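Novice: You'll find final19.txt just under this line, and it carries compact mmCIF, N, CA and C atoms.
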# COMPACT_ATOMS: atom_id res chain seq x y z
N MET A 1 -23.13 33.54 -0.11
CA MET A 1 -22.12 32.77 0.59
C MET A 1 -20.81 32.71 -0.21
N TRP A 2 -20.91 32.43 -1.53
CA TRP A 2 -19.71 32.32 -2.35
C TRP A 2 -18.99 33.66 -2.46
N GLN A 3 -19.77 34.77 -2.48
CA GLN A 3 -19.14 36.09 -2.55
C GLN A 3 -18.33 36.37 -1.29
N LYS A 4 -18.89 35.98 -0.14
CA LYS A 4 -18.18 36.19 1.12
C LYS A 4 -16.88 35.36 1.15
N LEU A 5 -17.00 34.10 0.73
CA LEU A 5 -15.81 33.24 0.68
C LEU A 5 -14.77 33.80 -0.29
N SER A 6 -15.23 34.25 -1.44
CA SER A 6 -14.32 34.80 -2.44
C SER A 6 -13.64 36.06 -1.93
N ALA A 7 -14.41 36.94 -1.30
CA ALA A 7 -13.84 38.19 -0.78
C ALA A 7 -12.85 37.91 0.34
N GLU A 8 -13.16 36.95 1.18
CA GLU A 8 -12.32 36.66 2.33
C GLU A 8 -11.09 35.84 1.97
N HIS A 9 -11.22 34.95 1.01
CA HIS A 9 -10.14 34.00 0.72
C HIS A 9 -9.61 34.04 -0.71
N GLY A 10 -10.21 34.83 -1.59
CA GLY A 10 -9.88 34.80 -3.01
C GLY A 10 -8.41 34.76 -3.35
N LEU A 11 -7.70 35.86 -3.13
CA LEU A 11 -6.29 35.94 -3.50
C LEU A 11 -5.43 35.01 -2.65
N LYS A 12 -5.76 34.92 -1.37
CA LYS A 12 -5.00 34.03 -0.48
C LYS A 12 -5.15 32.58 -0.94
N ALA A 13 -6.37 32.18 -1.30
CA ALA A 13 -6.60 30.81 -1.76
C ALA A 13 -5.86 30.55 -3.07
N LEU A 14 -5.82 31.54 -3.95
CA LEU A 14 -5.08 31.37 -5.20
C LEU A 14 -3.58 31.23 -4.94
N ARG A 15 -3.06 32.02 -4.01
CA ARG A 15 -1.64 31.89 -3.66
C ARG A 15 -1.37 30.52 -3.03
N TYR A 16 -2.29 30.05 -2.19
CA TYR A 16 -2.15 28.72 -1.58
C TYR A 16 -2.13 27.65 -2.66
N CYS A 17 -3.00 27.79 -3.66
CA CYS A 17 -3.00 26.84 -4.78
C CYS A 17 -1.68 26.88 -5.54
N ALA A 18 -1.15 28.09 -5.75
CA ALA A 18 0.12 28.22 -6.47
C ALA A 18 1.26 27.56 -5.70
N VAL A 19 1.29 27.77 -4.38
CA VAL A 19 2.30 27.11 -3.55
C VAL A 19 2.14 25.60 -3.66
N SER A 20 0.91 25.13 -3.66
CA SER A 20 0.65 23.70 -3.77
C SER A 20 1.12 23.14 -5.11
N VAL A 21 0.93 23.90 -6.18
CA VAL A 21 1.40 23.47 -7.50
C VAL A 21 2.92 23.31 -7.49
N VAL A 22 3.61 24.28 -6.91
CA VAL A 22 5.07 24.19 -6.82
C VAL A 22 5.46 22.97 -5.98
N ASN A 23 4.80 22.81 -4.83
CA ASN A 23 5.12 21.70 -3.94
C ASN A 23 4.82 20.34 -4.60
N VAL A 24 3.71 20.26 -5.31
CA VAL A 24 3.36 19.02 -6.03
C VAL A 24 4.41 18.74 -7.10
N GLY A 25 4.84 19.78 -7.79
CA GLY A 25 5.88 19.60 -8.81
C GLY A 25 7.16 19.05 -8.23
N ILE A 26 7.59 19.64 -7.12
CA ILE A 26 8.80 19.16 -6.45
C ILE A 26 8.61 17.72 -5.97
N GLY A 27 7.55 17.50 -5.22
CA GLY A 27 7.32 16.19 -4.62
C GLY A 27 7.13 15.09 -5.65
N SER A 28 6.33 15.36 -6.67
CA SER A 28 6.08 14.34 -7.70
C SER A 28 7.35 14.02 -8.48
N SER A 29 8.13 15.05 -8.77
CA SER A 29 9.39 14.82 -9.50
C SER A 29 10.37 13.99 -8.68
N VAL A 30 10.52 14.35 -7.43
CA VAL A 30 11.44 13.60 -6.56
C VAL A 30 10.96 12.16 -6.40
N LEU A 31 9.66 11.97 -6.16
CA LEU A 31 9.10 10.62 -6.02
C LEU A 31 9.33 9.81 -7.29
N ALA A 32 9.04 10.39 -8.45
CA ALA A 32 9.21 9.68 -9.71
C ALA A 32 10.67 9.33 -9.98
N ILE A 33 11.57 10.26 -9.72
CA ILE A 33 13.00 10.00 -9.97
C ILE A 33 13.53 8.95 -8.99
N CYS A 34 13.21 9.13 -7.72
CA CYS A 34 13.73 8.19 -6.72
C CYS A 34 13.19 6.78 -6.91
N HIS A 35 11.92 6.66 -7.26
CA HIS A 35 11.34 5.32 -7.45
C HIS A 35 11.60 4.79 -8.85
N GLY A 36 11.27 5.59 -9.86
CA GLY A 36 11.34 5.11 -11.24
C GLY A 36 12.74 5.01 -11.80
N VAL A 37 13.61 5.95 -11.44
CA VAL A 37 14.96 5.97 -12.01
C VAL A 37 15.97 5.31 -11.07
N LEU A 38 15.92 5.69 -9.79
CA LEU A 38 16.91 5.17 -8.84
C LEU A 38 16.51 3.82 -8.24
N GLY A 39 15.25 3.43 -8.39
CA GLY A 39 14.80 2.13 -7.92
C GLY A 39 14.56 2.04 -6.42
N TRP A 40 14.38 3.19 -5.76
CA TRP A 40 14.12 3.18 -4.32
C TRP A 40 12.73 2.63 -4.06
N SER A 41 12.53 2.11 -2.86
CA SER A 41 11.19 1.65 -2.49
C SER A 41 10.25 2.85 -2.44
N ALA A 42 8.96 2.57 -2.54
CA ALA A 42 7.95 3.63 -2.54
C ALA A 42 8.02 4.47 -1.27
N ILE A 43 8.19 3.81 -0.13
CA ILE A 43 8.22 4.53 1.15
C ILE A 43 9.43 5.46 1.23
N VAL A 44 10.59 4.98 0.86
CA VAL A 44 11.81 5.79 0.92
C VAL A 44 11.74 6.94 -0.08
N ALA A 45 11.25 6.67 -1.29
CA ALA A 45 11.10 7.72 -2.30
C ALA A 45 10.08 8.78 -1.84
N ASN A 46 9.01 8.32 -1.21
CA ASN A 46 8.00 9.24 -0.69
C ASN A 46 8.57 10.11 0.43
N LEU A 47 9.37 9.52 1.28
CA LEU A 47 10.01 10.27 2.37
C LEU A 47 10.97 11.32 1.80
N ALA A 48 11.74 10.96 0.78
CA ALA A 48 12.66 11.91 0.15
C ALA A 48 11.87 13.08 -0.46
N ALA A 49 10.76 12.76 -1.12
CA ALA A 49 9.93 13.82 -1.71
C ALA A 49 9.39 14.75 -0.62
N TRP A 50 8.97 14.17 0.48
CA TRP A 50 8.44 14.96 1.60
C TRP A 50 9.54 15.86 2.19
N LEU A 51 10.72 15.28 2.40
CA LEU A 51 11.82 16.04 2.98
C LEU A 51 12.23 17.23 2.11
N LEU A 52 12.25 17.04 0.80
CA LEU A 52 12.67 18.11 -0.10
C LEU A 52 11.56 19.13 -0.37
N GLY A 53 10.32 18.77 -0.12
CA GLY A 53 9.21 19.67 -0.42
C GLY A 53 8.65 20.45 0.75
N THR A 54 8.85 19.96 1.96
CA THR A 54 8.18 20.56 3.11
C THR A 54 8.76 21.93 3.48
N ALA A 55 10.05 22.08 3.50
CA ALA A 55 10.64 23.38 3.87
C ALA A 55 10.24 24.48 2.89
N PRO A 56 10.34 24.26 1.56
CA PRO A 56 9.88 25.30 0.64
C PRO A 56 8.37 25.60 0.81
N ALA A 57 7.57 24.57 1.07
CA ALA A 57 6.13 24.79 1.26
C ALA A 57 5.87 25.66 2.47
N TYR A 58 6.59 25.41 3.55
CA TYR A 58 6.45 26.23 4.76
C TYR A 58 6.84 27.68 4.48
N LEU A 59 8.01 27.86 3.90
CA LEU A 59 8.52 29.21 3.66
C LEU A 59 7.62 30.00 2.70
N MET A 60 7.18 29.35 1.62
CA MET A 60 6.30 30.04 0.67
C MET A 60 4.94 30.33 1.29
N SER A 61 4.40 29.38 2.05
CA SER A 61 3.10 29.58 2.69
C SER A 61 3.16 30.73 3.67
N ARG A 62 4.16 30.74 4.48
CA ARG A 62 4.28 31.77 5.52
C ARG A 62 4.46 33.16 4.89
N ALA A 63 5.40 33.27 3.97
CA ALA A 63 5.75 34.58 3.42
C ALA A 63 4.77 35.08 2.36
N TRP A 64 4.36 34.21 1.46
CA TRP A 64 3.58 34.66 0.31
C TRP A 64 2.08 34.53 0.52
N VAL A 65 1.64 33.38 1.03
CA VAL A 65 0.20 33.16 1.19
C VAL A 65 -0.34 33.98 2.35
N TRP A 66 0.27 33.85 3.53
CA TRP A 66 -0.24 34.52 4.72
C TRP A 66 0.52 35.80 5.06
N GLN A 67 1.46 36.21 4.21
CA GLN A 67 2.14 37.49 4.33
C GLN A 67 2.81 37.69 5.70
N ARG A 68 3.44 36.66 6.21
CA ARG A 68 4.14 36.75 7.50
C ARG A 68 5.62 36.99 7.26
N SER A 69 6.21 37.80 8.11
CA SER A 69 7.65 38.05 8.04
C SER A 69 8.17 38.12 9.47
N GLY A 70 9.44 38.32 9.60
CA GLY A 70 10.03 38.40 10.93
C GLY A 70 10.45 37.03 11.42
N PRO A 71 10.77 36.96 12.71
CA PRO A 71 11.25 35.70 13.27
C PRO A 71 10.21 34.58 13.19
N HIS A 72 10.71 33.38 13.01
CA HIS A 72 9.85 32.20 12.96
C HIS A 72 9.64 31.70 14.38
N ASP A 73 8.40 31.45 14.75
CA ASP A 73 8.07 30.91 16.07
C ASP A 73 8.24 29.40 16.01
N LEU A 74 9.37 28.90 16.54
CA LEU A 74 9.70 27.48 16.45
C LEU A 74 8.63 26.59 17.07
N GLY A 75 8.18 26.95 18.27
CA GLY A 75 7.19 26.14 18.96
C GLY A 75 5.79 26.25 18.40
N GLY A 76 5.48 27.35 17.76
CA GLY A 76 4.14 27.55 17.23
C GLY A 76 4.06 27.29 15.74
N GLU A 77 4.65 28.17 14.96
CA GLU A 77 4.56 28.06 13.50
C GLU A 77 5.26 26.84 12.94
N VAL A 78 6.55 26.75 13.21
CA VAL A 78 7.37 25.71 12.57
C VAL A 78 6.91 24.32 12.98
N LEU A 79 6.82 24.09 14.27
CA LEU A 79 6.43 22.76 14.75
C LEU A 79 5.02 22.38 14.28
N THR A 80 4.11 23.33 14.36
CA THR A 80 2.73 23.05 13.93
C THR A 80 2.68 22.72 12.45
N PHE A 81 3.37 23.50 11.63
CA PHE A 81 3.38 23.24 10.19
C PHE A 81 3.96 21.87 9.90
N TRP A 82 5.07 21.52 10.57
CA TRP A 82 5.72 20.25 10.30
C TRP A 82 4.88 19.07 10.80
N VAL A 83 4.17 19.24 11.89
CA VAL A 83 3.27 18.16 12.35
C VAL A 83 2.19 17.94 11.30
N MET A 84 1.64 19.03 10.77
CA MET A 84 0.64 18.89 9.72
C MET A 84 1.23 18.23 8.48
N ALA A 85 2.45 18.57 8.16
CA ALA A 85 3.12 17.95 7.03
C ALA A 85 3.34 16.45 7.28
N LEU A 86 3.61 16.09 8.53
CA LEU A 86 3.77 14.67 8.89
C LEU A 86 2.47 13.90 8.70
N VAL A 87 1.34 14.54 8.95
CA VAL A 87 0.05 13.89 8.70
C VAL A 87 -0.08 13.57 7.22
N GLY A 88 0.26 14.54 6.38
CA GLY A 88 0.24 14.30 4.94
C GLY A 88 1.20 13.20 4.54
N LEU A 89 2.39 13.19 5.15
CA LEU A 89 3.36 12.13 4.87
C LEU A 89 2.82 10.77 5.27
N ALA A 90 2.18 10.68 6.42
CA ALA A 90 1.64 9.40 6.88
C ALA A 90 0.56 8.88 5.92
N VAL A 91 -0.34 9.77 5.52
CA VAL A 91 -1.43 9.35 4.62
C VAL A 91 -0.86 8.96 3.26
N SER A 92 0.09 9.76 2.73
CA SER A 92 0.66 9.42 1.42
C SER A 92 1.53 8.17 1.49
N SER A 93 2.23 7.96 2.60
CA SER A 93 3.04 6.74 2.75
C SER A 93 2.17 5.50 2.79
N LEU A 94 1.04 5.60 3.46
CA LEU A 94 0.09 4.49 3.46
C LEU A 94 -0.38 4.20 2.04
N ALA A 95 -0.71 5.26 1.31
CA ALA A 95 -1.20 5.09 -0.06
C ALA A 95 -0.14 4.45 -0.96
N VAL A 96 1.09 4.99 -0.93
CA VAL A 96 2.12 4.43 -1.83
C VAL A 96 2.53 3.02 -1.41
N SER A 97 2.44 2.73 -0.13
CA SER A 97 2.75 1.38 0.34
C SER A 97 1.74 0.37 -0.21
N ILE A 98 0.48 0.74 -0.15
CA ILE A 98 -0.57 -0.14 -0.68
C ILE A 98 -0.42 -0.30 -2.19
N ILE A 99 -0.18 0.81 -2.88
CA ILE A 99 -0.04 0.75 -4.34
C ILE A 99 1.17 -0.08 -4.73
N GLU A 100 2.28 0.06 -4.00
CA GLU A 100 3.48 -0.69 -4.32
C GLU A 100 3.25 -2.20 -4.18
N ARG A 101 2.39 -2.59 -3.27
CA ARG A 101 2.07 -4.02 -3.13
C ARG A 101 1.30 -4.56 -4.33
N LEU A 102 0.58 -3.66 -5.01
CA LEU A 102 -0.24 -4.06 -6.15
C LEU A 102 0.49 -3.95 -7.48
N THR A 103 1.38 -2.95 -7.58
CA THR A 103 2.08 -2.72 -8.84
C THR A 103 3.38 -1.96 -8.58
N ASP A 104 4.30 -2.04 -9.51
CA ASP A 104 5.53 -1.24 -9.38
C ASP A 104 5.51 -0.04 -10.32
N ALA A 105 4.34 0.30 -10.84
CA ALA A 105 4.20 1.42 -11.77
C ALA A 105 4.40 2.76 -11.05
N THR A 106 5.45 3.45 -11.40
CA THR A 106 5.78 4.73 -10.76
C THR A 106 4.66 5.74 -10.94
N LEU A 107 4.04 5.77 -12.10
CA LEU A 107 2.96 6.72 -12.37
C LEU A 107 1.80 6.52 -11.39
N LEU A 108 1.48 5.29 -11.08
CA LEU A 108 0.41 5.02 -10.11
C LEU A 108 0.83 5.43 -8.70
N LEU A 109 2.11 5.25 -8.36
CA LEU A 109 2.59 5.71 -7.05
C LEU A 109 2.46 7.22 -6.92
N VAL A 110 2.85 7.94 -7.97
CA VAL A 110 2.74 9.40 -7.95
C VAL A 110 1.28 9.81 -7.84
N ALA A 111 0.40 9.16 -8.60
CA ALA A 111 -1.03 9.48 -8.54
C ALA A 111 -1.60 9.20 -7.15
N GLY A 112 -1.20 8.09 -6.56
CA GLY A 112 -1.66 7.75 -5.21
C GLY A 112 -1.18 8.75 -4.17
N SER A 113 0.06 9.18 -4.31
CA SER A 113 0.60 10.18 -3.39
C SER A 113 -0.16 11.50 -3.54
N LEU A 114 -0.41 11.91 -4.77
CA LEU A 114 -1.16 13.14 -5.01
C LEU A 114 -2.56 13.06 -4.42
N ALA A 115 -3.22 11.94 -4.61
CA ALA A 115 -4.57 11.77 -4.07
C ALA A 115 -4.56 11.83 -2.54
N ALA A 116 -3.57 11.22 -1.94
CA ALA A 116 -3.47 11.22 -0.48
C ALA A 116 -3.25 12.63 0.06
N TYR A 117 -2.34 13.36 -0.57
CA TYR A 117 -2.10 14.74 -0.14
C TYR A 117 -3.33 15.61 -0.40
N GLY A 118 -4.05 15.31 -1.46
CA GLY A 118 -5.27 16.06 -1.76
C GLY A 118 -6.31 15.94 -0.66
N ILE A 119 -6.32 14.81 0.00
CA ILE A 119 -7.28 14.58 1.09
C ILE A 119 -7.05 15.57 2.23
N VAL A 120 -5.79 15.84 2.55
CA VAL A 120 -5.49 16.73 3.67
C VAL A 120 -5.31 18.20 3.25
N TRP A 121 -5.33 18.48 1.96
CA TRP A 121 -5.03 19.80 1.44
C TRP A 121 -6.01 20.88 1.94
N VAL A 122 -7.28 20.63 1.81
CA VAL A 122 -8.29 21.63 2.23
C VAL A 122 -8.26 21.81 3.74
N ALA A 123 -8.19 20.72 4.46
CA ALA A 123 -8.16 20.82 5.93
C ALA A 123 -6.93 21.61 6.38
N ARG A 124 -5.82 21.43 5.71
CA ARG A 124 -4.61 22.16 6.08
C ARG A 124 -4.78 23.65 5.83
N TYR A 125 -5.39 24.02 4.70
CA TYR A 125 -5.63 25.44 4.42
C TYR A 125 -6.49 26.06 5.51
N ILE A 126 -7.57 25.40 5.86
CA ILE A 126 -8.47 25.93 6.89
C ILE A 126 -7.73 26.08 8.21
N PHE A 127 -6.97 25.08 8.59
CA PHE A 127 -6.23 25.15 9.85
C PHE A 127 -5.20 26.28 9.82
N LEU A 128 -4.42 26.36 8.74
CA LEU A 128 -3.40 27.40 8.65
C LEU A 128 -4.04 28.79 8.69
N ASP A 129 -5.17 28.93 8.00
CA ASP A 129 -5.82 30.23 7.92
C ASP A 129 -6.53 30.60 9.21
N ARG A 130 -7.17 29.68 9.85
CA ARG A 130 -7.97 29.98 11.04
C ARG A 130 -7.19 29.89 12.34
N VAL A 131 -6.20 29.01 12.39
CA VAL A 131 -5.52 28.77 13.66
C VAL A 131 -4.09 29.30 13.66
N LEU A 132 -3.30 28.88 12.68
CA LEU A 132 -1.87 29.19 12.75
C LEU A 132 -1.56 30.63 12.34
N TRP A 133 -1.91 31.03 11.10
CA TRP A 133 -1.50 32.34 10.64
C TRP A 133 -2.65 33.31 10.51
N GLY A 134 -3.83 32.86 10.24
CA GLY A 134 -4.95 33.77 10.07
C GLY A 134 -5.38 34.45 11.36
N ALA A 135 -5.13 33.81 12.48
CA ALA A 135 -5.58 34.35 13.77
C ALA A 135 -4.51 35.15 14.49
N THR A 136 -3.34 35.28 13.87
CA THR A 136 -2.24 35.97 14.54
C THR A 136 -2.11 37.39 14.01
N VAL A 137 -1.39 38.20 14.74
CA VAL A 137 -1.10 39.56 14.31
C VAL A 137 0.16 39.51 13.44
N ASP A 138 0.14 40.23 12.34
CA ASP A 138 1.28 40.26 11.43
C ASP A 138 2.50 40.79 12.18
N CYS A 139 3.62 40.14 11.95
CA CYS A 139 4.87 40.55 12.61
C CYS A 139 5.27 41.96 12.22
N ASN A 140 4.82 42.44 11.05
CA ASN A 140 5.16 43.79 10.61
C ASN A 140 4.37 44.87 11.35
N ASP A 141 3.31 44.47 12.07
CA ASP A 141 2.45 45.45 12.73
C ASP A 141 3.06 45.96 14.01
N GLY A 142 4.08 45.36 14.45
CA GLY A 142 4.71 45.91 15.49
C GLY A 142 5.02 45.69 16.77
Could you spell out this file's structure in structure tokens?
Specialist:
Amino acid sequence: MWQKLSAEHGLKALRYCAVSVVNVGIGSSVLAICHGVLGWSAIVANLAAWLLGTAPAYLMSRAWVWQRSGPHDLGGEVLTFWVMALVGLAVSSLAVSIIERLTDATLLLVAGSLAAYGIVWVARYIFLDRVLWGATVDCNDG
């Protein structure tokens, strides 16, 4: 079973992880700066992190992880990806809101946001691979 999963998803899964590392770096940095340095509320800082991280995550996922090129399908690819990103935003906003009520520690807010996004991370990979990009024909094929 593991060999089949590795053969089918190995490099793609590693690229997905790399995109996630970049996205986590962007999001965590923005959240920490906006909350810890600028003094923004957890929800507003989380929204800023989401806004600055989602477009690069989409572009890197589409081009590098799933090897898609050509025109972007606004109604299919873009909207679907952003709806999924909104689910992550909702879960992380709930987490940072709860944490902010308990403490103003920026490090705990960042950890809570990471944990919340981690919950939807695997489900998003499966959906992107099986429904959005894995089931489509590559735009380069013609």
Novice: Determine, counting all atoms listed in the file, which protein, DNA and RNA residues have an atom within 6 Å of an atom of range 91-100 of chain A; residues of the same chain fewer than 6 positions away are not included. Present the result as number ranges by chain.
Specialist: A: 42-43, 109, 112-113, 116-117
Novice: In Å, rounded to a single decimal, give me how far CA of Arg68 in chain A is from CA of Leu89 in chain A.
Specialist: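 Computed distance, CA of Leu89 in chain A to CA of Arg68 in chain A, equals 24.8 Å.
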Novice: Measure the distance from CA of Ser41 in chain A to CA of Arg101 in chain A in Å and round it to one decimal.
Specialist: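 Here the two named atoms are 10.8 Å from each other.
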Novice: Residues at most 7 Å from Trp50 in chain A, counting all atoms listed in the file, excluding those fewer than 4 positions away in the same chain, as an MDAnalysis selection string?
Specialist: chainID A and resid 27 45:46 54:55 89
Novice: Out of A:Ala105, A:Val131, A:Ala111, A:Leu11, which residue has the shortest atom-to-atom distance to Val65 in chain A when counting all atoms listed in the file?
Specialist: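 Ranking A:Ala105, A:Val131, A:Ala111, A:Leu11 by distance to Val65 in chain A, first place goes to A:Leu11.
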Novice: What is the distance between atom C of Gly75 in chain A and atom N of Leu51 in chain A, in Å to one decimal?
Specialist: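 Value for the atom C of Gly75 in chain A-atom N of Leu51 in chain A distance: 20.0 Å.
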Novice: Please provide the set of residues having any atom within 9 Å of Ile26 in chain A, restricted to only C-alpha atoms, with same-chain residues fewer than 3 positions apart removed, written as a list of chain:residue names.
Specialist: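 So, after excluding close chain neighbours, the residues are A:Val21, A:Val22, A:Asn23, A:Ser29, A:Val30, A:Leu31, A:Ala49, A:Leu52, A:Gly53.
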Novice: Which residue, A:Leu74, A:Ala32, A:Ala85, A:Leu47, has the smallest gap to Asp104 in chain A when you use only C-alpha atoms?
Specialist: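 Once distances to Asp104 in chain A are computed over only C-alpha atoms, the minimum belongs to A:Ala32.
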Novice: At a cut-off of 9 Å around the point (1.0, 28.5, 17.6) (file coordinates), what residues fall inside when counting only C-alpha atoms? I'd like the answer as a ChimeraX atom specification.
Specialist: /A:73-80,131-133,136
Novice: I need the residue nearest Arg15 in chain A from this list: A:Trp66, A:Phe127, A:Trp82, A:Trp121. Use only C-alpha atoms for the distance.
Specialist: A:Trp66
Novice: Could you pull out the helix (DSSP H, G or I) residues of range 35-108 of chain A, going by DSSP on the backbone, and write them as a ChimeraX atom specification?
Specialist: /A:35-37,42-65,74-102,106-108
